[in-house]
Amino acid sequence: MSSQYGEFLPPQRLLMGAGPANVHPRVLQAMTASLLGHLDPVFLQVMNDVQGMLREVFKTQNAATLPVSGTGTAGMEAACVNILEPGDLFIVATNGYFGERLAEIASRTGASVVTVEHAVGEPVSASAIKAELAKHPRVKGVGVVHAETSTGVITPIAEIAKVVHEAGALLVVDAVTSLGGAPLEVDGWDIDVCYSGTQKCIGAPPGLSPITFGARAIEVMNNRKTKVQSFYLDMTALHDYWQQRVYHHTAPISMIYSLREALRLVLEEGLENRWQRHADNAAALIAGIDAMGLRIVANPEFRLPSITAVYSPDGIPEASVRKHLLDNFNIEVSGGLATMPELAGKIWRIGLMGHNSTSSNVFYFLSALETALAANEFEIVAGAGVSAAQRKLRELAS
Ligand SMILES: Cc1ncc(COP(=O)(O)O)c(C=O)c1O
């Protein structure tokens with residue numbers, strides 16, 4: 001019998017949007033290895049390796065460090081459901097869509113949530129959080145997005161951690177778009193809960209959410225009055241599975257193989273070298289964008305190395321430029337999120353994440369963008385973007 005459904009061979013896209021990004025061939029190859037049972041002694045060693053490497057990448061000694069099954073949103077949910085209970089107060093500092101999502105998820109635990117809103121393009125301010133903390137007698141935690149993917153802004157965390165701890169609260173940090181691509185130090189900055197995703201700077205497919213809980217967060221979890229609302233994301237049970245191998249749910253074996261290989265690549269390169277690579281290629285991209293006369297959303301002092309949000313020139317429909325890039329160059333970039341009316345239909349979000357953060361991708365993208373803009377009747381000096389990016393990289397190398 002033949003099926004009506006043919007073989008699926010996806011086109012070879014260059015994924016330069018908000019993620020997923022393309023991954024190293026070694027990571028794809030790791031996913032094709034034979035399955036093991038999730039309690040097989042050989043797989044248990046794989047789990048140990050992944051936990052050990054995640055601690056290195058998060059820069060933490062936290063025992064409770066593991067990949068939650070599910071994408072970055074599962075990490076957000078796990079952070080919230082484990083530390084929050086009905087009646088708690090949680091503050092979320094928002095400077096884009098993912099802060100809003102964190103607030104929404106936190107509110108579903110039954111906790112009261114207060115948001116401290118910041119302007120689009122600006123980082124979260126420690127003094128704004130301090131002022132909000134001063135208004136409330138007891139705050140359970142504060143949530144901040146380190147790398148706001150919707151706007152391309154990075155927020156400095158260390159000062160925020162100080163004000164949060166002075167108020168006796170826990171600090172929850174979303175590092176979905178920074179882990180492995182921008183400086184992040186869970187222990188050095190005193191972060192209590194930090195979660196990420198695999199499909200961005202870590203360089204694996206989407207499907208796992210690395211998370212880490214520090215001592216203060218564990219104490220809060222141990223003193224809960226109510227059960228964690230989610231069985232699947234109950235960190236105490238998950239930790240028992242990862243530490244004592246008590247069955248909780250069937251681990252996504254092939255995804256964990258892929259994460260192990262991606263983490264090996266991160267450590268082979270060296271975490272600091274990888275941060276530098278992301279910073280240099282982002283600087284080259286930004287030099288090219290500036291030279292083309294385009295405007296960047298983020299405040300120049302707080303630009304994220306993994307994603308750059310750029311306004312489409314007045315009168316140029318951003319979606320038709322993106323379509324041109326996809327149809328003619330196989331390049332995917334993201335638009336503004338529909339949930340942010342101030343940016344939807346007005347920006348492109350250009351990702352340089354993990355395996356994709358290379359100078360050749362910067363040059364290819366800038367020259368493709370020039371062609372796509374010309375096709376939309378927006379002319380720029382030929383080669384201006386690529387030359388500026390080349391000059392920036394020479395300057396950084398000298
Ligand atoms: C900052 C941030 N947090 C959370 C998420 C949610 O992750 P996922 O889409 O993998 O569930 C994303 C996804 O882009 C993100 O950029």
# chains A, B, ... in the order shown; residues from 1 in each chain; ligands from 1
call {"tool": "residues_around", "arguments": {"residues": "stretch 383-389 of chain A", "least_positions_apart": "5", "cutoff": "7 Å", "atoms": "only C-alpha atoms", "output": "PyMOL selection string"}}
result
chain A and resi 284-285+287-289+291-292+363+366-367
call {"tool": "select_by_dssp", "arguments": {"residues": "stretch 290-372 of chain A", "states": "helix (DSSP H, G or I)", "output": "MDAnalysis selection string"}}
result
chainID A and resid 290:291 300:302 318:329 354:356 359:372
call {"tool": "write_last_selection", "arguments": {"atoms": "N, CA and C atoms", "output": "short mmCIF file (atom, residue, chain, number, x, y, z; two decimals), in the first residue's frame"}}
result
data_model
loop_
_atom_site.label_atom_id
_atom_site.label_comp_id
_atom_site.auth_asym_id
_atom_site.auth_seq_id
_atom_site.Cartn_x
_atom_site.Cartn_y
_atom_site.Cartn_z
N ASP A 290 23.51 50.36 10.44
CA ASP A 290 23.68 51.83 10.56
C ASP A 290 24.08 52.43 9.22
N ALA A 291 25.04 51.76 8.55
CA ALA A 291 25.54 52.30 7.27
C ALA A 291 24.44 52.32 6.21
N PRO A 300 21.35 52.05 22.32
CA PRO A 300 22.68 51.55 21.89
C PRO A 300 23.51 50.94 23.03
N GLU A 301 23.26 51.36 24.26
CA GLU A 301 24.07 50.80 25.36
C GLU A 301 23.58 49.44 25.82
N PHE A 302 22.41 49.02 25.37
CA PHE A 302 21.84 47.77 25.91
C PHE A 302 21.36 46.86 24.78
N GLU A 318 7.35 45.86 5.91
CA GLU A 318 8.39 44.95 6.43
C GLU A 318 8.15 43.50 5.97
N ALA A 319 6.86 43.12 5.86
CA ALA A 319 6.57 41.72 5.52
C ALA A 319 7.01 41.41 4.09
N SER A 320 6.96 42.39 3.20
CA SER A 320 7.33 42.05 1.82
C SER A 320 8.86 41.95 1.70
N VAL A 321 9.59 42.66 2.55
CA VAL A 321 11.05 42.50 2.57
C VAL A 321 11.38 41.10 3.12
N ARG A 322 10.69 40.70 4.18
CA ARG A 322 10.95 39.36 4.74
C ARG A 322 10.61 38.27 3.72
N LYS A 323 9.53 38.48 2.98
CA LYS A 323 9.14 37.48 1.97
C LYS A 323 10.21 37.40 0.88
N HIS A 324 10.73 38.56 0.49
CA HIS A 324 11.79 38.57 -0.53
C HIS A 324 13.01 37.80 -0.02
N LEU A 325 13.37 38.02 1.23
CA LEU A 325 14.54 37.32 1.80
C LEU A 325 14.32 35.81 1.81
N LEU A 326 13.10 35.40 2.14
CA LEU A 326 12.81 33.97 2.21
C LEU A 326 12.74 33.35 0.81
N ASP A 327 12.03 34.01 -0.08
CA ASP A 327 11.82 33.44 -1.42
C ASP A 327 13.09 33.43 -2.26
N ASN A 328 13.91 34.46 -2.10
CA ASN A 328 15.08 34.59 -2.99
C ASN A 328 16.40 34.18 -2.35
N PHE A 329 16.47 34.22 -1.05
CA PHE A 329 17.75 33.93 -0.37
C PHE A 329 17.64 32.80 0.65
N GLY A 354 24.07 31.16 18.28
CA GLY A 354 24.76 29.87 18.31
C GLY A 354 25.57 29.63 17.05
N HIS A 355 25.31 28.49 16.37
CA HIS A 355 26.02 28.09 15.17
C HIS A 355 25.90 29.15 14.06
N ASN A 356 24.81 29.94 14.10
CA ASN A 356 24.56 30.92 13.04
C ASN A 356 25.25 32.26 13.23
N SER A 359 30.54 35.63 10.72
CA SER A 359 30.71 36.83 9.89
C SER A 359 30.14 36.57 8.49
N SER A 360 30.26 35.34 7.98
CA SER A 360 29.74 35.11 6.61
C SER A 360 28.22 35.27 6.59
N ASN A 361 27.54 34.86 7.65
CA ASN A 361 26.08 35.09 7.69
C ASN A 361 25.76 36.58 7.74
N VAL A 362 26.58 37.34 8.46
CA VAL A 362 26.36 38.80 8.52
C VAL A 362 26.46 39.38 7.11
N PHE A 363 27.53 39.02 6.39
CA PHE A 363 27.73 39.58 5.04
C PHE A 363 26.61 39.13 4.09
N TYR A 364 26.26 37.86 4.15
CA TYR A 364 25.22 37.32 3.28
C TYR A 364 23.89 38.04 3.54
N PHE A 365 23.59 38.19 4.84
CA PHE A 365 22.32 38.83 5.19
C PHE A 365 22.27 40.28 4.72
N LEU A 366 23.38 41.03 4.97
CA LEU A 366 23.35 42.46 4.61
C LEU A 366 23.21 42.64 3.11
N SER A 367 23.89 41.78 2.34
CA SER A 367 23.77 41.98 0.90
C SER A 367 22.38 41.53 0.42
N ALA A 368 21.81 40.50 1.04
CA ALA A 368 20.44 40.07 0.68
C ALA A 368 19.45 41.17 1.06
N LEU A 369 19.66 41.79 2.21
CA LEU A 369 18.73 42.85 2.64
C LEU A 369 18.79 44.02 1.66
N GLU A 370 19.99 44.34 1.20
CA GLU A 370 20.13 45.44 0.23
C GLU A 370 19.29 45.13 -1.02
N THR A 371 19.39 43.90 -1.50
CA THR A 371 18.62 43.50 -2.69
C THR A 371 17.12 43.54 -2.40
N ALA A 372 16.74 43.04 -1.22
CA ALA A 372 15.31 43.00 -0.88
C ALA A 372 14.75 44.41 -0.76
#
call {"tool": "closest_atom_pairs", "arguments": {"of": "stretch 170-281 of chain A", "to": "stretch 123-134 of chain A", "cutoff": "12 Å", "atoms": "only C-alpha atoms", "output": "tab-separated table"}}
result
residue	atom	partner	partner_atom	distance
A:Leu170	CA	A:Leu133	CA	11.8
A:Leu171	CA	A:Ile129	CA	11.3
A:Val173	CA	A:Val124	CA	11.9
call {"tool": "closest_residue", "arguments": {"among": "A:Met76, A:Val57, A:Val27, A:Leu184", "to": "A:Pro156", "atoms": "only C-alpha atoms"}}
result
A:Leu184
call {"tool": "residues_near_ligand", "arguments": {"ligand": "ligand 1", "cutoff": "6 Å", "atoms": "only C-alpha atoms and all ligand atoms", "output": "ChimeraX atom specification"}}
result
/A:71-73,98,147-149,174,176-177,197
call {"tool": "residues_around", "arguments": {"residues": "A:Val266", "least_positions_apart": "2", "cutoff": "9 Å", "atoms": "only C-alpha atoms", "output": "list in words"}}
result
Val57, Gly180, Ile202, Gly203, Glu261, Ala262, Leu263, Arg264, Glu268, Glu269, Gly270, Leu271, Arg274 and Gly354 of chain A
call {"tool": "residues_around", "arguments": {"residues": "A:Arg224", "least_positions_apart": "2", "cutoff": "9 Å", "atoms": "only C-alpha atoms", "output": "ChimeraX atom specification"}}
result
/A:82-85,219-222,226-228
call {"tool": "write_last_selection", "arguments": {"atoms": "C-alpha atoms", "output": "PDB file, in the first residue's frame"}}
result
ATOM      1  CA  ASN A  82       7.480  25.872  41.895  1.00  0.00           C
ATOM      2  CA  ILE A  83       8.040  29.079  43.837  1.00  0.00           C
ATOM      3  CA  LEU A  84       4.601  30.727  43.778  1.00  0.00           C
ATOM      4  CA  GLU A  85       1.470  29.820  45.724  1.00  0.00           C
ATOM      5  CA  GLU A 219      14.175  26.573  50.724  1.00  0.00           C
ATOM      6  CA  VAL A 220      11.045  28.348  49.489  1.00  0.00           C
ATOM      7  CA  MET A 221      10.003  25.190  47.613  1.00  0.00           C
ATOM      8  CA  ASN A 222      10.615  23.016  50.690  1.00  0.00           C
ATOM      9  CA  THR A 226       0.374  23.768  48.903  1.00  0.00           C
ATOM     10  CA  LYS A 227       1.363  21.156  46.319  1.00  0.00           C
ATOM     11  CA  VAL A 228       2.917  22.414  43.087  1.00  0.00           C
TER      12      VAL A 228
END
call {"tool": "closest_residue", "arguments": {"among": "A:Gly75, A:Gly121, A:Gly181, A:Gly99", "to": "A:Val193", "atoms": "only C-alpha atoms"}}
result
A:Gly75
call {"tool": "select_by_dssp", "arguments": {"residues": "stretch 53-282 of chain A", "states": "strand (DSSP E or B)", "output": "JSON, numbers by chain"}}
result
{"A": [64, 65, 66, 67, 68, 69, 89, 90, 91, 92, 93, 94, 112, 113, 114, 115, 116, 117, 141, 142, 143, 144, 145, 147, 148, 153, 154, 170, 171, 172, 173, 174, 193, 194, 195, 208, 209, 210, 211, 212, 213]}
call {"tool": "write_last_selection", "arguments": {"atoms": "N, CA and C atoms", "output": "compact mmCIF listing (two decimals), in the first residue's frame"}}
result
# COMPACT_ATOMS: atom_id res chain seq x y z
N ALA A 64 20.41 21.56 41.70
CA ALA A 64 19.13 21.48 40.99
C ALA A 64 19.24 22.22 39.65
N THR A 65 19.95 21.60 38.72
CA THR A 65 20.15 22.17 37.38
C THR A 65 19.87 21.06 36.39
N LEU A 66 18.90 21.24 35.53
CA LEU A 66 18.52 20.16 34.60
C LEU A 66 17.71 20.74 33.44
N PRO A 67 17.56 19.96 32.36
CA PRO A 67 16.70 20.44 31.27
C PRO A 67 15.26 19.95 31.47
N VAL A 68 14.33 20.89 31.60
CA VAL A 68 12.91 20.54 31.68
C VAL A 68 12.47 20.10 30.28
N SER A 69 11.61 19.08 30.21
CA SER A 69 11.07 18.64 28.92
C SER A 69 10.05 19.69 28.45
N LEU A 89 2.82 37.44 46.41
CA LEU A 89 2.93 38.60 45.51
C LEU A 89 4.21 38.47 44.69
N PHE A 90 4.07 38.61 43.38
CA PHE A 90 5.20 38.48 42.46
C PHE A 90 5.25 39.75 41.61
N ILE A 91 6.44 40.32 41.51
CA ILE A 91 6.61 41.53 40.68
C ILE A 91 7.31 41.12 39.39
N VAL A 92 6.79 41.56 38.26
CA VAL A 92 7.49 41.32 36.99
C VAL A 92 7.82 42.66 36.36
N ALA A 93 9.11 42.85 36.07
CA ALA A 93 9.54 44.07 35.37
C ALA A 93 9.43 43.78 33.88
N THR A 94 8.62 44.53 33.17
CA THR A 94 8.42 44.23 31.74
C THR A 94 9.04 45.31 30.87
N SER A 112 -0.71 37.03 43.27
CA SER A 112 -1.02 38.35 42.71
C SER A 112 0.23 38.83 41.99
N VAL A 113 0.03 39.44 40.84
CA VAL A 113 1.19 39.88 40.04
C VAL A 113 1.09 41.38 39.79
N VAL A 114 2.20 42.06 40.07
CA VAL A 114 2.28 43.50 39.79
C VAL A 114 3.35 43.67 38.71
N THR A 115 3.04 44.45 37.68
CA THR A 115 4.09 44.67 36.66
C THR A 115 4.66 46.08 36.80
N VAL A 116 5.96 46.16 36.50
CA VAL A 116 6.64 47.46 36.48
C VAL A 116 7.04 47.66 35.01
N GLU A 117 6.33 48.54 34.33
CA GLU A 117 6.53 48.64 32.88
C GLU A 117 7.66 49.59 32.50
N GLY A 141 8.75 37.15 45.02
CA GLY A 141 9.79 37.11 43.99
C GLY A 141 9.64 38.23 42.98
N VAL A 142 10.72 38.39 42.21
CA VAL A 142 10.73 39.39 41.13
C VAL A 142 11.20 38.67 39.87
N GLY A 143 10.51 38.88 38.79
CA GLY A 143 10.89 38.26 37.51
C GLY A 143 11.39 39.30 36.52
N VAL A 144 12.49 38.97 35.85
CA VAL A 144 13.08 39.88 34.87
C VAL A 144 13.52 39.05 33.66
N VAL A 145 13.33 39.60 32.46
CA VAL A 145 13.84 38.94 31.25
C VAL A 145 15.22 39.53 30.95
N ALA A 147 17.25 38.86 28.40
CA ALA A 147 17.41 39.18 26.98
C ALA A 147 16.02 39.23 26.36
N GLU A 148 15.48 40.45 26.16
CA GLU A 148 14.10 40.60 25.68
C GLU A 148 14.09 40.45 24.15
N VAL A 153 16.79 43.85 23.52
CA VAL A 153 17.41 44.60 24.63
C VAL A 153 17.96 43.64 25.68
N ILE A 154 19.14 43.96 26.21
CA ILE A 154 19.71 43.17 27.31
C ILE A 154 19.68 44.01 28.59
N LEU A 170 12.89 36.54 45.96
CA LEU A 170 13.69 35.70 45.06
C LEU A 170 13.79 36.37 43.69
N LEU A 171 14.92 36.19 43.03
CA LEU A 171 15.04 36.74 41.67
C LEU A 171 14.94 35.61 40.64
N VAL A 172 13.97 35.75 39.74
CA VAL A 172 13.77 34.80 38.64
C VAL A 172 14.21 35.49 37.34
N VAL A 173 15.12 34.84 36.62
CA VAL A 173 15.64 35.46 35.39
C VAL A 173 15.37 34.57 34.18
N ASP A 174 14.78 35.17 33.15
CA ASP A 174 14.57 34.50 31.87
C ASP A 174 15.83 34.73 31.02
N VAL A 193 16.53 31.71 40.45
CA VAL A 193 15.98 30.76 39.47
C VAL A 193 16.29 31.33 38.08
N CYS A 194 16.84 30.48 37.22
CA CYS A 194 17.15 30.96 35.87
C CYS A 194 16.78 29.84 34.89
N TYR A 195 16.08 30.20 33.82
CA TYR A 195 15.70 29.20 32.82
C TYR A 195 16.05 29.70 31.43
N LEU A 208 13.77 21.53 24.80
CA LEU A 208 14.17 21.42 26.21
C LEU A 208 14.37 22.82 26.78
N SER A 209 14.18 22.91 28.08
CA SER A 209 14.37 24.19 28.76
C SER A 209 15.29 24.00 29.96
N PRO A 210 16.59 24.30 29.79
CA PRO A 210 17.50 24.20 30.93
C PRO A 210 17.05 25.16 32.04
N ILE A 211 17.10 24.66 33.28
CA ILE A 211 16.68 25.50 34.41
C ILE A 211 17.58 25.22 35.60
N THR A 212 17.74 26.21 36.47
CA THR A 212 18.55 26.01 37.67
C THR A 212 17.92 26.74 38.84
N PHE A 213 17.91 26.10 40.00
CA PHE A 213 17.34 26.66 41.23
C PHE A 213 18.43 26.73 42.29
call {"tool": "closest_residue", "arguments": {"among": "A:Arg13, A:Arg295, A:Lys135, A:His249", "to": "A:Asn330", "atoms": "only C-alpha atoms"}}
result
A:Arg13
call {"tool": "residues_around", "arguments": {"residues": "A:Glu332", "least_positions_apart": "4", "cutoff": "6 Å", "atoms": "only C-alpha atoms", "output": "number ranges by chain"}}
result
A: 15-17, 326
call {"tool": "write_last_selection", "arguments": {"atoms": "N, CA and C atoms", "output": "short mmCIF file (atom, residue, chain, number, x, y, z; two decimals), in the first residue's frame"}}
result
data_model
loop_
_atom_site.label_atom_id
_atom_site.label_comp_id
_atom_site.auth_asym_id
_atom_site.auth_seq_id
_atom_site.Cartn_x
_atom_site.Cartn_y
_atom_site.Cartn_z
N LEU A 15 18.29 30.21 9.22
CA LEU A 15 17.34 30.67 10.24
C LEU A 15 17.93 31.84 11.03
N MET A 16 17.65 33.04 10.55
CA MET A 16 18.19 34.24 11.19
C MET A 16 17.05 35.08 11.79
N GLY A 17 16.11 34.37 12.42
CA GLY A 17 15.02 35.06 13.12
C GLY A 17 15.21 34.91 14.62
N LEU A 326 13.10 35.40 2.14
CA LEU A 326 12.81 33.97 2.21
C LEU A 326 12.74 33.35 0.81
#
call {"tool": "atom_distance", "arguments": {"atom1": "atom CA of A:Glu272", "atom2": "atom CA of A:Asn22"}}
result
21.0 Å
